[in-house]
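Student: So I've got this file, query.tsv, and it contains TSV, C-alpha atoms:
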```
chain	number	residue	atom	x	y	z
Y	1	MET	CA	-251.01	-63.61	35.56
Y	2	PHE	CA	-254.63	-62.70	34.89
Y	3	LEU	CA	-257.26	-63.55	37.49
Y	4	PRO	CA	-260.86	-64.57	36.58
Y	5	ASP	CA	-262.15	-61.05	37.30
Y	6	GLY	CA	-259.72	-59.55	34.74
Y	7	THR	CA	-257.23	-58.07	37.20
Y	8	GLN	CA	-253.51	-58.77	36.95
Y	9	TYR	CA	-251.37	-60.20	39.74
Y	10	PHE	CA	-247.60	-59.70	39.82
Y	11	CYS	CA	-245.30	-61.73	42.07
Y	12	HIS	CA	-241.70	-62.84	42.56
Y	13	ALA	CA	-241.75	-64.84	39.32
Y	14	ASP	CA	-242.47	-61.65	37.38
Y	15	ILE	CA	-239.47	-59.93	38.96
Y	16	ARG	CA	-237.29	-62.85	37.87
Y	17	TYR	CA	-238.71	-62.50	34.36
Y	18	TRP	CA	-238.08	-58.74	34.25
Y	19	THR	CA	-234.47	-59.25	35.38
Y	20	HIS	CA	-233.88	-62.15	32.93
Y	21	GLY	CA	-233.52	-64.64	35.78
Y	22	LEU	CA	-231.33	-62.57	38.09
Y	23	ASP	CA	-232.08	-62.81	41.80
Y	24	THR	CA	-232.11	-59.17	42.95
Y	25	PRO	CA	-233.38	-57.67	46.23
Y	26	VAL	CA	-234.68	-54.51	44.56
Y	27	LEU	CA	-235.53	-53.61	40.98
Y	28	ALA	CA	-235.82	-50.22	39.26
Y	29	ARG	CA	-238.06	-49.99	36.19
Y	30	GLN	CA	-239.10	-47.15	33.91
Y	31	ALA	CA	-242.45	-46.80	32.16
Y	32	LYS	CA	-243.16	-44.25	29.44
Y	33	GLY	CA	-246.05	-43.39	27.16
Y	34	THR	CA	-248.65	-46.13	26.84
Y	35	LEU	CA	-248.12	-48.10	30.00
Y	36	SER	CA	-248.58	-51.82	30.47
Y	37	VAL	CA	-249.97	-51.08	33.96
Y	38	GLY	CA	-253.17	-49.54	32.65
Y	39	LEU	CA	-255.24	-52.56	33.71
Y	40	PRO	CA	-256.26	-52.97	37.36
Y	41	HIS	CA	-253.56	-54.97	39.09
Y	42	PHE	CA	-251.96	-55.74	42.43
Y	43	HIS	CA	-248.74	-57.41	43.58
Y	44	ASP	CA	-247.11	-59.08	46.57
Y	45	PHE	CA	-244.17	-56.65	46.76
Y	46	TYR	CA	-243.77	-53.00	47.77
Y	47	GLU	CA	-243.62	-50.39	45.03
Y	48	LEU	CA	-242.23	-46.87	45.19
Y	49	THR	CA	-243.42	-44.72	42.28
Y	50	VAL	CA	-241.97	-41.37	41.24
Y	51	VAL	CA	-243.67	-39.36	38.47
Y	52	MET	CA	-240.84	-37.99	36.36
Y	53	ASP	CA	-242.91	-36.25	33.66
Y	54	GLY	CA	-246.36	-36.01	32.11
Y	55	HIS	CA	-249.78	-36.41	33.67
Y	56	GLY	CA	-252.28	-39.13	34.42
Y	57	ASP	CA	-254.74	-40.50	36.95
Y	58	TYR	CA	-253.91	-43.04	39.66
Y	59	THR	CA	-256.75	-45.18	41.03
Y	60	TYR	CA	-256.03	-46.65	44.46
Y	61	GLN	CA	-258.58	-48.63	46.47
Y	62	GLY	CA	-261.40	-47.26	44.34
Y	63	CYS	CA	-260.40	-43.58	44.64
Y	64	THR	CA	-258.84	-41.72	41.69
Y	65	TYR	CA	-256.17	-39.04	42.07
Y	66	HIS	CA	-254.49	-36.82	39.49
Y	67	LEU	CA	-250.72	-37.21	39.06
Y	68	GLU	CA	-248.24	-34.44	38.36
Y	69	PRO	CA	-244.45	-34.45	37.83
Y	70	GLY	CA	-242.71	-34.83	41.18
Y	71	ASP	CA	-245.36	-36.97	42.87
Y	72	ALA	CA	-243.76	-39.77	44.91
Y	73	PHE	CA	-245.76	-42.42	46.73
Y	74	ILE	CA	-245.86	-45.98	48.01
Y	75	THR	CA	-248.17	-48.75	46.82
Y	76	PRO	CA	-248.21	-51.53	49.45
Y	77	PRO	CA	-248.73	-55.22	48.60
Y	78	SER	CA	-252.20	-56.58	47.81
Y	79	VAL	CA	-253.77	-53.19	46.99
Y	80	LEU	CA	-255.68	-52.95	43.70
Y	81	HIS	CA	-254.58	-49.95	41.60
Y	82	HIS	CA	-254.10	-48.78	38.02
Y	83	TYR	CA	-253.34	-45.75	35.81
Y	84	THR	CA	-255.64	-44.01	33.32
Y	85	ASN	CA	-255.78	-40.83	31.19
Y	86	GLN	CA	-252.04	-41.00	30.61
Y	87	ARG	CA	-250.58	-37.99	28.81
Y	88	ASN	CA	-246.84	-38.47	28.22
Y	89	LEU	CA	-246.69	-40.06	31.65
Y	90	GLU	CA	-243.20	-41.17	32.67
Y	91	LEU	CA	-242.79	-43.19	35.85
Y	92	VAL	CA	-239.84	-44.70	37.66
Y	93	ASN	CA	-240.83	-47.64	39.87
Y	94	PHE	CA	-238.71	-49.29	42.55
Y	95	ILE	CA	-240.03	-52.68	43.70
Y	96	TRP	CA	-238.76	-54.84	46.54
Y	97	TYR	CA	-239.49	-57.32	49.34
Y	98	PRO	CA	-238.35	-55.87	52.71
Y	99	GLU	CA	-237.58	-59.31	54.16
Y	100	GLU	CA	-235.23	-60.13	51.27
Y	101	MET	CA	-233.09	-57.01	51.48
Y	102	PRO	CA	-229.44	-57.81	52.42
Y	103	LEU	CA	-229.55	-55.02	55.00
Y	104	PRO	CA	-232.25	-54.98	57.74
Y	105	PHE	CA	-235.11	-52.90	56.39
Y	106	SER	CA	-236.28	-52.29	59.96
Y	107	SER	CA	-233.15	-50.17	60.54
Y	108	LEU	CA	-234.90	-47.34	58.68
Y	109	GLY	CA	-237.94	-47.41	60.97
Y	110	ASN	CA	-236.64	-44.75	63.36
Y	111	LEU	CA	-235.81	-42.24	60.63
Y	112	PRO	CA	-238.00	-39.11	60.82
Y	113	GLY	CA	-240.42	-39.27	57.93
Y	114	PHE	CA	-240.15	-43.03	57.38
Y	115	ARG	CA	-243.42	-44.08	59.01
Y	116	LEU	CA	-245.11	-41.01	57.55
Y	117	PHE	CA	-244.09	-41.89	54.00
Y	118	PHE	CA	-244.45	-45.68	54.18
Y	119	ASP	CA	-247.38	-46.17	56.54
Y	120	LEU	CA	-249.37	-43.07	57.43
Y	121	GLU	CA	-249.77	-41.49	54.00
Y	122	PRO	CA	-250.95	-44.71	52.27
Y	123	GLN	CA	-253.28	-45.56	55.15
Y	124	SER	CA	-254.85	-42.10	55.21
Y	125	ARG	CA	-254.82	-41.55	51.44
Y	126	SER	CA	-258.59	-41.65	51.00
Y	127	TYR	CA	-259.15	-39.36	54.00
Y	128	PHE	CA	-256.70	-36.67	52.86
Y	129	ARG	CA	-257.50	-37.17	49.16
Y	130	PHE	CA	-253.81	-37.69	48.34
Y	131	GLU	CA	-253.04	-34.11	49.41
Y	132	GLN	CA	-250.41	-35.29	51.93
Y	133	ARG	CA	-248.32	-37.00	49.25
Y	134	LEU	CA	-244.68	-36.11	48.77
Y	135	VAL	CA	-244.02	-33.75	45.85
Y	136	LEU	CA	-240.40	-33.53	44.71
Y	137	SER	CA	-238.71	-30.53	43.17
Y	138	ALA	CA	-236.94	-30.65	39.80
Y	139	GLU	CA	-233.62	-30.93	41.64
Y	140	CYS	CA	-234.87	-33.90	43.66
Y	141	LEU	CA	-236.17	-35.57	40.50
Y	142	THR	CA	-232.69	-35.32	39.03
Y	143	GLU	CA	-231.34	-37.20	42.05
Y	144	VAL	CA	-233.98	-39.89	41.62
Y	145	ARG	CA	-233.13	-40.27	37.93
Y	146	LEU	CA	-229.42	-40.66	38.76
Y	147	VAL	CA	-230.19	-43.38	41.30
Y	148	TYR	CA	-232.33	-45.16	38.71
Y	149	LEU	CA	-229.55	-44.96	36.09
Y	150	HIS	CA	-226.90	-46.24	38.53
Y	151	MET	CA	-229.15	-49.13	39.58
Y	152	SER	CA	-229.90	-50.02	35.96
Y	153	GLN	CA	-226.19	-50.06	35.11
Y	154	GLU	CA	-225.42	-52.18	38.16
Y	155	LEU	CA	-228.13	-54.67	37.30
Y	156	GLN	CA	-226.96	-54.95	33.68
Y	157	SER	CA	-223.37	-55.55	34.71
Y	158	HIS	CA	-224.29	-57.93	37.60
Y	159	GLN	CA	-220.68	-57.92	38.74
Y	160	GLU	CA	-219.61	-59.43	42.03
Y	161	GLY	CA	-221.46	-57.67	44.84
Y	162	TYR	CA	-224.16	-56.17	42.59
Y	163	GLN	CA	-226.96	-57.17	44.97
Y	164	LEU	CA	-225.44	-55.31	47.89
Y	165	ARG	CA	-224.64	-52.36	45.64
Y	166	LEU	CA	-228.28	-52.19	44.48
Y	167	ALA	CA	-229.49	-52.28	48.07
Y	168	CYS	CA	-227.09	-49.50	49.11
Y	169	LEU	CA	-228.21	-47.26	46.25
Y	170	PHE	CA	-231.85	-47.87	47.14
Y	171	TYR	CA	-231.31	-47.27	50.86
Y	172	GLY	CA	-229.64	-43.97	50.05
Y	173	LEU	CA	-232.70	-42.96	48.03
Y	174	LEU	CA	-235.06	-43.97	50.86
Y	175	ILE	CA	-233.11	-41.87	53.36
Y	176	GLN	CA	-233.39	-38.88	51.04
Y	177	LEU	CA	-237.13	-39.47	50.59
Y	178	CYS	CA	-237.64	-39.54	54.37
Y	179	ARG	CA	-235.77	-36.25	54.70
Y	180	TRP	CA	-237.76	-34.66	51.88
Y	181	GLN	CA	-241.01	-35.92	53.40
Y	182	THR	CA	-240.21	-34.45	56.81
Y	183	LYS	CA	-239.19	-31.13	55.26
Y	184	CYS	CA	-242.42	-31.08	53.22
Y	185	GLN	CA	-244.59	-31.72	56.28
Y	186	ASN	CA	-242.69	-29.20	58.42
Y	187	SER	CA	-243.54	-26.50	55.89
Y	188	MET	CA	-247.26	-26.98	56.58
Y	189	GLU	CA	-248.94	-24.83	59.21
Y	190	ASP	CA	-250.74	-27.79	60.79
Y	191	SER	CA	-249.44	-31.18	59.69
Y	192	THR	CA	-251.75	-33.82	61.13
Y	193	LEU	CA	-249.62	-36.59	59.65
Y	194	LEU	CA	-246.39	-35.27	61.16
Y	195	ARG	CA	-247.97	-35.12	64.62
Y	196	MET	CA	-249.48	-38.58	64.10
Y	197	GLU	CA	-246.07	-39.92	63.13
Y	198	ARG	CA	-244.70	-38.74	66.49
Y	199	VAL	CA	-247.49	-40.62	68.25
Y	200	VAL	CA	-247.05	-43.84	66.23
Y	201	SER	CA	-243.25	-43.73	66.60
Y	202	TYR	CA	-243.65	-43.32	70.36
Y	203	MET	CA	-246.02	-46.29	70.44
Y	204	GLU	CA	-243.54	-48.41	68.49
Y	205	LYS	CA	-240.74	-47.59	70.95
Y	206	HIS	CA	-242.74	-47.87	74.19
Y	207	PHE	CA	-245.32	-50.56	73.37
Y	208	GLY	CA	-244.23	-52.60	76.40
Y	209	GLU	CA	-245.10	-49.80	78.80
Y	210	HIS	CA	-248.46	-48.68	80.14
Y	211	LEU	CA	-249.70	-46.45	77.31
Y	212	THR	CA	-253.01	-44.64	77.59
Y	213	ARG	CA	-254.99	-42.77	74.99
Y	214	PRO	CA	-255.08	-39.52	77.06
Y	215	ASP	CA	-251.27	-39.60	77.25
Y	216	MET	CA	-251.01	-39.96	73.48
Y	217	ALA	CA	-253.64	-37.24	73.02
Y	218	ARG	CA	-251.38	-34.82	74.91
Y	219	LEU	CA	-248.47	-35.81	72.68
Y	220	PHE	CA	-250.72	-35.16	69.68
Y	221	ALA	CA	-251.69	-31.78	71.22
Y	222	GLN	CA	-255.45	-32.40	71.20
Y	223	GLY	CA	-258.15	-33.47	73.61
Y	224	ASP	CA	-258.79	-37.16	74.17
Y	225	ARG	CA	-262.03	-37.34	72.17
Y	226	SER	CA	-260.68	-35.31	69.24
Y	227	PHE	CA	-257.52	-37.40	69.20
Y	228	ALA	CA	-259.53	-40.65	69.18
Y	229	GLU	CA	-261.56	-39.48	66.17
Y	230	LYS	CA	-258.48	-38.25	64.30
Y	231	PHE	CA	-256.57	-41.45	65.02
Y	232	LYS	CA	-259.41	-43.56	63.60
Y	233	GLN	CA	-259.66	-41.34	60.52
Y	234	VAL	CA	-255.93	-41.36	59.76
Y	235	MET	CA	-254.99	-44.90	60.82
Y	236	GLY	CA	-258.21	-46.67	59.86
Y	237	GLU	CA	-258.43	-48.30	63.30
Y	238	THR	CA	-258.78	-47.30	66.95
Y	239	PHE	CA	-255.87	-46.36	69.19
Y	240	GLY	CA	-256.39	-49.53	71.24
Y	241	GLY	CA	-256.59	-51.69	68.13
Y	242	HIS	CA	-253.35	-50.29	66.74
Y	243	LEU	CA	-251.53	-50.70	70.06
Y	244	MET	CA	-252.69	-54.31	70.24
Y	245	LYS	CA	-251.45	-54.91	66.69
Y	246	ILE	CA	-247.98	-53.57	67.61
Y	247	ARG	CA	-247.79	-55.71	70.74
Y	248	LEU	CA	-248.92	-58.86	68.95
Y	249	ARG	CA	-246.42	-58.29	66.15
Y	250	HIS	CA	-243.54	-58.01	68.60
Y	251	ALA	CA	-244.79	-61.00	70.59
Y	252	ARG	CA	-244.83	-63.04	67.39
Y	253	GLU	CA	-241.27	-61.94	66.56
Y	254	LEU	CA	-240.05	-62.96	70.04
Y	255	LEU	CA	-241.78	-66.33	69.75
Y	256	LEU	CA	-239.96	-67.10	66.51
Y	257	SER	CA	-236.56	-65.56	67.25
Y	258	THR	CA	-236.04	-66.39	70.95
Y	259	ASP	CA	-236.68	-69.16	73.48
Y	260	LYS	CA	-238.29	-66.81	75.99
Y	261	SER	CA	-241.24	-68.11	77.96
Y	262	LEU	CA	-244.77	-66.81	77.37
Y	263	THR	CA	-244.63	-65.03	80.71
Y	264	GLU	CA	-241.46	-63.20	79.71
Y	265	ILE	CA	-242.88	-62.30	76.29
Y	266	ALA	CA	-246.14	-61.08	77.83
Y	267	GLN	CA	-244.28	-58.81	80.24
Y	268	GLU	CA	-241.95	-57.48	77.57
Y	269	CYS	CA	-244.79	-56.70	75.14
Y	270	GLY	CA	-247.12	-54.97	77.59
Y	271	PHE	CA	-249.70	-57.72	78.24
Y	272	CYS	CA	-251.08	-58.09	81.75
Y	273	ASP	CA	-250.29	-61.82	81.84
Y	274	SER	CA	-249.57	-64.82	79.62
Y	275	ASN	CA	-253.19	-65.99	79.67
Y	276	TYR	CA	-254.37	-62.78	78.04
Y	277	LEU	CA	-251.54	-63.00	75.52
Y	278	CYS	CA	-252.66	-66.53	74.60
Y	279	LEU	CA	-256.26	-65.37	74.20
Y	280	VAL	CA	-255.57	-62.44	71.84
Y	281	PHE	CA	-252.75	-64.24	70.01
Y	282	ARG	CA	-254.99	-67.18	69.13
Y	283	LYS	CA	-257.71	-64.81	67.94
Y	284	LYS	CA	-255.20	-63.03	65.68
Y	285	TYR	CA	-253.12	-65.93	64.31
Y	286	GLY	CA	-255.45	-68.92	64.71
Y	287	LEU	CA	-253.17	-70.87	67.05
Y	288	PRO	CA	-252.07	-70.51	70.68
Y	289	PRO	CA	-248.52	-69.11	70.99
Y	290	HIS	CA	-246.75	-72.36	71.90
Y	291	GLN	CA	-248.32	-74.25	68.97
Y	292	TYR	CA	-247.56	-71.35	66.62
Y	293	ARG	CA	-243.91	-71.44	67.70
Y	294	LEU	CA	-243.62	-75.21	67.21
Y	295	GLN	CA	-245.36	-75.15	63.83
Y	296	ARG	CA	-243.31	-72.31	62.39
Y	297	ARG	CA	-240.01	-73.66	63.65
Y	298	SER	CA	-240.67	-77.10	62.28
```
Any chance you could give the structure as structure tokens?

Tutor:
Amino acid sequence: MFLPDGTQYFCHADIRYWTHGLDTPVLARQAKGTLSVGLPHFHDFYELTVVMDGHGDYTYQGCTYHLEPGDAFITPPSVLHHYTNQRNLELVNFIWYPEEMPLPFSSLGNLPGFRLFFDLEPQSRSYFRFEQRLVLSAECLTEVRLVYLHMSQELQSHQEGYQLRLACLFYGLLIQLCRWQTKCQNSMEDSTLLRMERVVSYMEKHFGEHLTRPDMARLFAQGDRSFAEKFKQVMGETFGGHLMKIRLRHARELLLSTDKSLTEIAQECGFCDSNYLCLVFRKKYGLPPHQYRLQRRS
């Protein structure tokens, strides 16, 4: 649909339209030549884009970057973007909702390269000027094209089990992308993003423990002040703010998926007590934890 300001918004209804009414967890689409995505637009799903051929410019959050064959990158939900100056540009796009995948999308979170590709590179894109993006070789592009063709054939046939088959093909591609991303970053003399991924992954695994910025600075192999500045530049928020976001996210998940008390959740998520958890939770989500649990469950 078109919004009053002229931008386009794509949502689940558009996916249903593109698949002729089929309910699919992930969709692969190809765009060639004069693209229909030239106008500024955003969507409520995740989008993986691989540049198969040609050239063009990609504008993301107000910054414009030049695209070459082999470029692979993520566009998260709700981010305004568009393509211009297209010269024989050929894209393959994979779009999906993580929560609707038949296999837990969170199972990929511990893969080396996953957070780097899905979180760190998009968050730090303006800071690094898109220079940390993943660039695939011709051989890798051939693999991507084969996955796209297999997914297209599976979607057209929509035989029994096609949804799970689509998800499996896509998961295989994501695993390969994580491996390629890690290999690409390892080839750099000083990969800030790779070191930051180690820090963020450690925070995700040990958020319930007593984590300090100096400890994470040592893991990052820099002094405390330098680490604090680099963390803010790359992540777009402070170390303390990001740690709080992780803890609140897990507290919210425990509220909705378990019957644990607030005291138990506070201890498990690294809060000093349940009172402090209630204070920061209400500030973040607009309701105290017990009311949030009752409202969402009802």

Student: When distances are computed from all atoms listed in the file, which of Y:Lys284, Y:Lys32, Y:Arg195, Y:His150 shows the smallest separation from Phe227 in chain Y?

Tutor: Y:Arg195

Student: Skipping near chain neighbours, those fewer than 2 positions away, what residues fall within 12 Å of Glu121 in chain Y using all atoms listed in the file, listed as a PDB file with C-alpha atoms, keeping the file's coordinate frame?

Tutor:
```pdb
ATOM      1  CA  ALA Y  72    -243.760 -39.770  44.910  1.00  0.00           C
ATOM      2  CA  PHE Y  73    -245.760 -42.420  46.730  1.00  0.00           C
ATOM      3  CA  ILE Y  74    -245.860 -45.980  48.010  1.00  0.00           C
ATOM      4  CA  THR Y  75    -248.170 -48.750  46.820  1.00  0.00           C
ATOM      5  CA  PRO Y  76    -248.210 -51.530  49.450  1.00  0.00           C
ATOM      6  CA  GLY Y 113    -240.420 -39.270  57.930  1.00  0.00           C
ATOM      7  CA  PHE Y 114    -240.150 -43.030  57.380  1.00  0.00           C
ATOM      8  CA  ARG Y 115    -243.420 -44.080  59.010  1.00  0.00           C
ATOM      9  CA  LEU Y 116    -245.110 -41.010  57.550  1.00  0.00           C
ATOM     10  CA  PHE Y 117    -244.090 -41.890  54.000  1.00  0.00           C
ATOM     11  CA  PHE Y 118    -244.450 -45.680  54.180  1.00  0.00           C
ATOM     12  CA  ASP Y 119    -247.380 -46.170  56.540  1.00  0.00           C
ATOM     13  CA  GLN Y 123    -253.280 -45.560  55.150  1.00  0.00           C
ATOM     14  CA  SER Y 124    -254.850 -42.100  55.210  1.00  0.00           C
ATOM     15  CA  ARG Y 125    -254.820 -41.550  51.440  1.00  0.00           C
ATOM     16  CA  SER Y 126    -258.590 -41.650  51.000  1.00  0.00           C
ATOM     17  CA  TYR Y 127    -259.150 -39.360  54.000  1.00  0.00           C
ATOM     18  CA  PHE Y 128    -256.700 -36.670  52.860  1.00  0.00           C
ATOM     19  CA  ARG Y 129    -257.500 -37.170  49.160  1.00  0.00           C
ATOM     20  CA  PHE Y 130    -253.810 -37.690  48.340  1.00  0.00           C
ATOM     21  CA  GLU Y 131    -253.040 -34.110  49.410  1.00  0.00           C
ATOM     22  CA  GLN Y 132    -250.410 -35.290  51.930  1.00  0.00           C
ATOM     23  CA  ARG Y 133    -248.320 -37.000  49.250  1.00  0.00           C
ATOM     24  CA  LEU Y 134    -244.680 -36.110  48.770  1.00  0.00           C
ATOM     25  CA  GLN Y 181    -241.010 -35.920  53.400  1.00  0.00           C
ATOM     26  CA  GLN Y 185    -244.590 -31.720  56.280  1.00  0.00           C
ATOM     27  CA  SER Y 191    -249.440 -31.180  59.690  1.00  0.00           C
ATOM     28  CA  THR Y 192    -251.750 -33.820  61.130  1.00  0.00           C
ATOM     29  CA  LEU Y 193    -249.620 -36.590  59.650  1.00  0.00           C
ATOM     30  CA  LEU Y 194    -246.390 -35.270  61.160  1.00  0.00           C
ATOM     31  CA  MET Y 196    -249.480 -38.580  64.100  1.00  0.00           C
ATOM     32  CA  GLU Y 197    -246.070 -39.920  63.130  1.00  0.00           C
ATOM     33  CA  GLN Y 233    -259.660 -41.340  60.520  1.00  0.00           C
ATOM     34  CA  VAL Y 234    -255.930 -41.360  59.760  1.00  0.00           C
ATOM     35  CA  MET Y 235    -254.990 -44.900  60.820  1.00  0.00           C
ATOM     36  CA  GLY Y 236    -258.210 -46.670  59.860  1.00  0.00           C
TER      37      GLY Y 236
END
```

Student: Could you work out how far CA of Pro289 in chain Y lies from CA of Asp273 in chain Y, giving the answer in Å with one decimal?

Tutor: 13.2 Å

Student: In Å, rounded to a single decimal, give me how far CA of Trp96 in chain Y is from CA of Leu141 in chain Y.

Tutor: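 According to the coordinates, CA of Leu141 in chain Y and CA of Trp96 in chain Y are separated by 20.4 Å.
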
Student: What does the distance from CA of Phe105 in chain Y to CA of Ala266 in chain Y come to in Å, to one decimal?

Tutor: 25.5 Å

Student: Can you work out which one of Y:Glu229, Y:Glu264, Y:Asp224, Y:Glu160 has the shortest atom-to-atom distance to Gly208 in chain Y, counting all atoms listed in the file?

Tutor: Y:Glu264
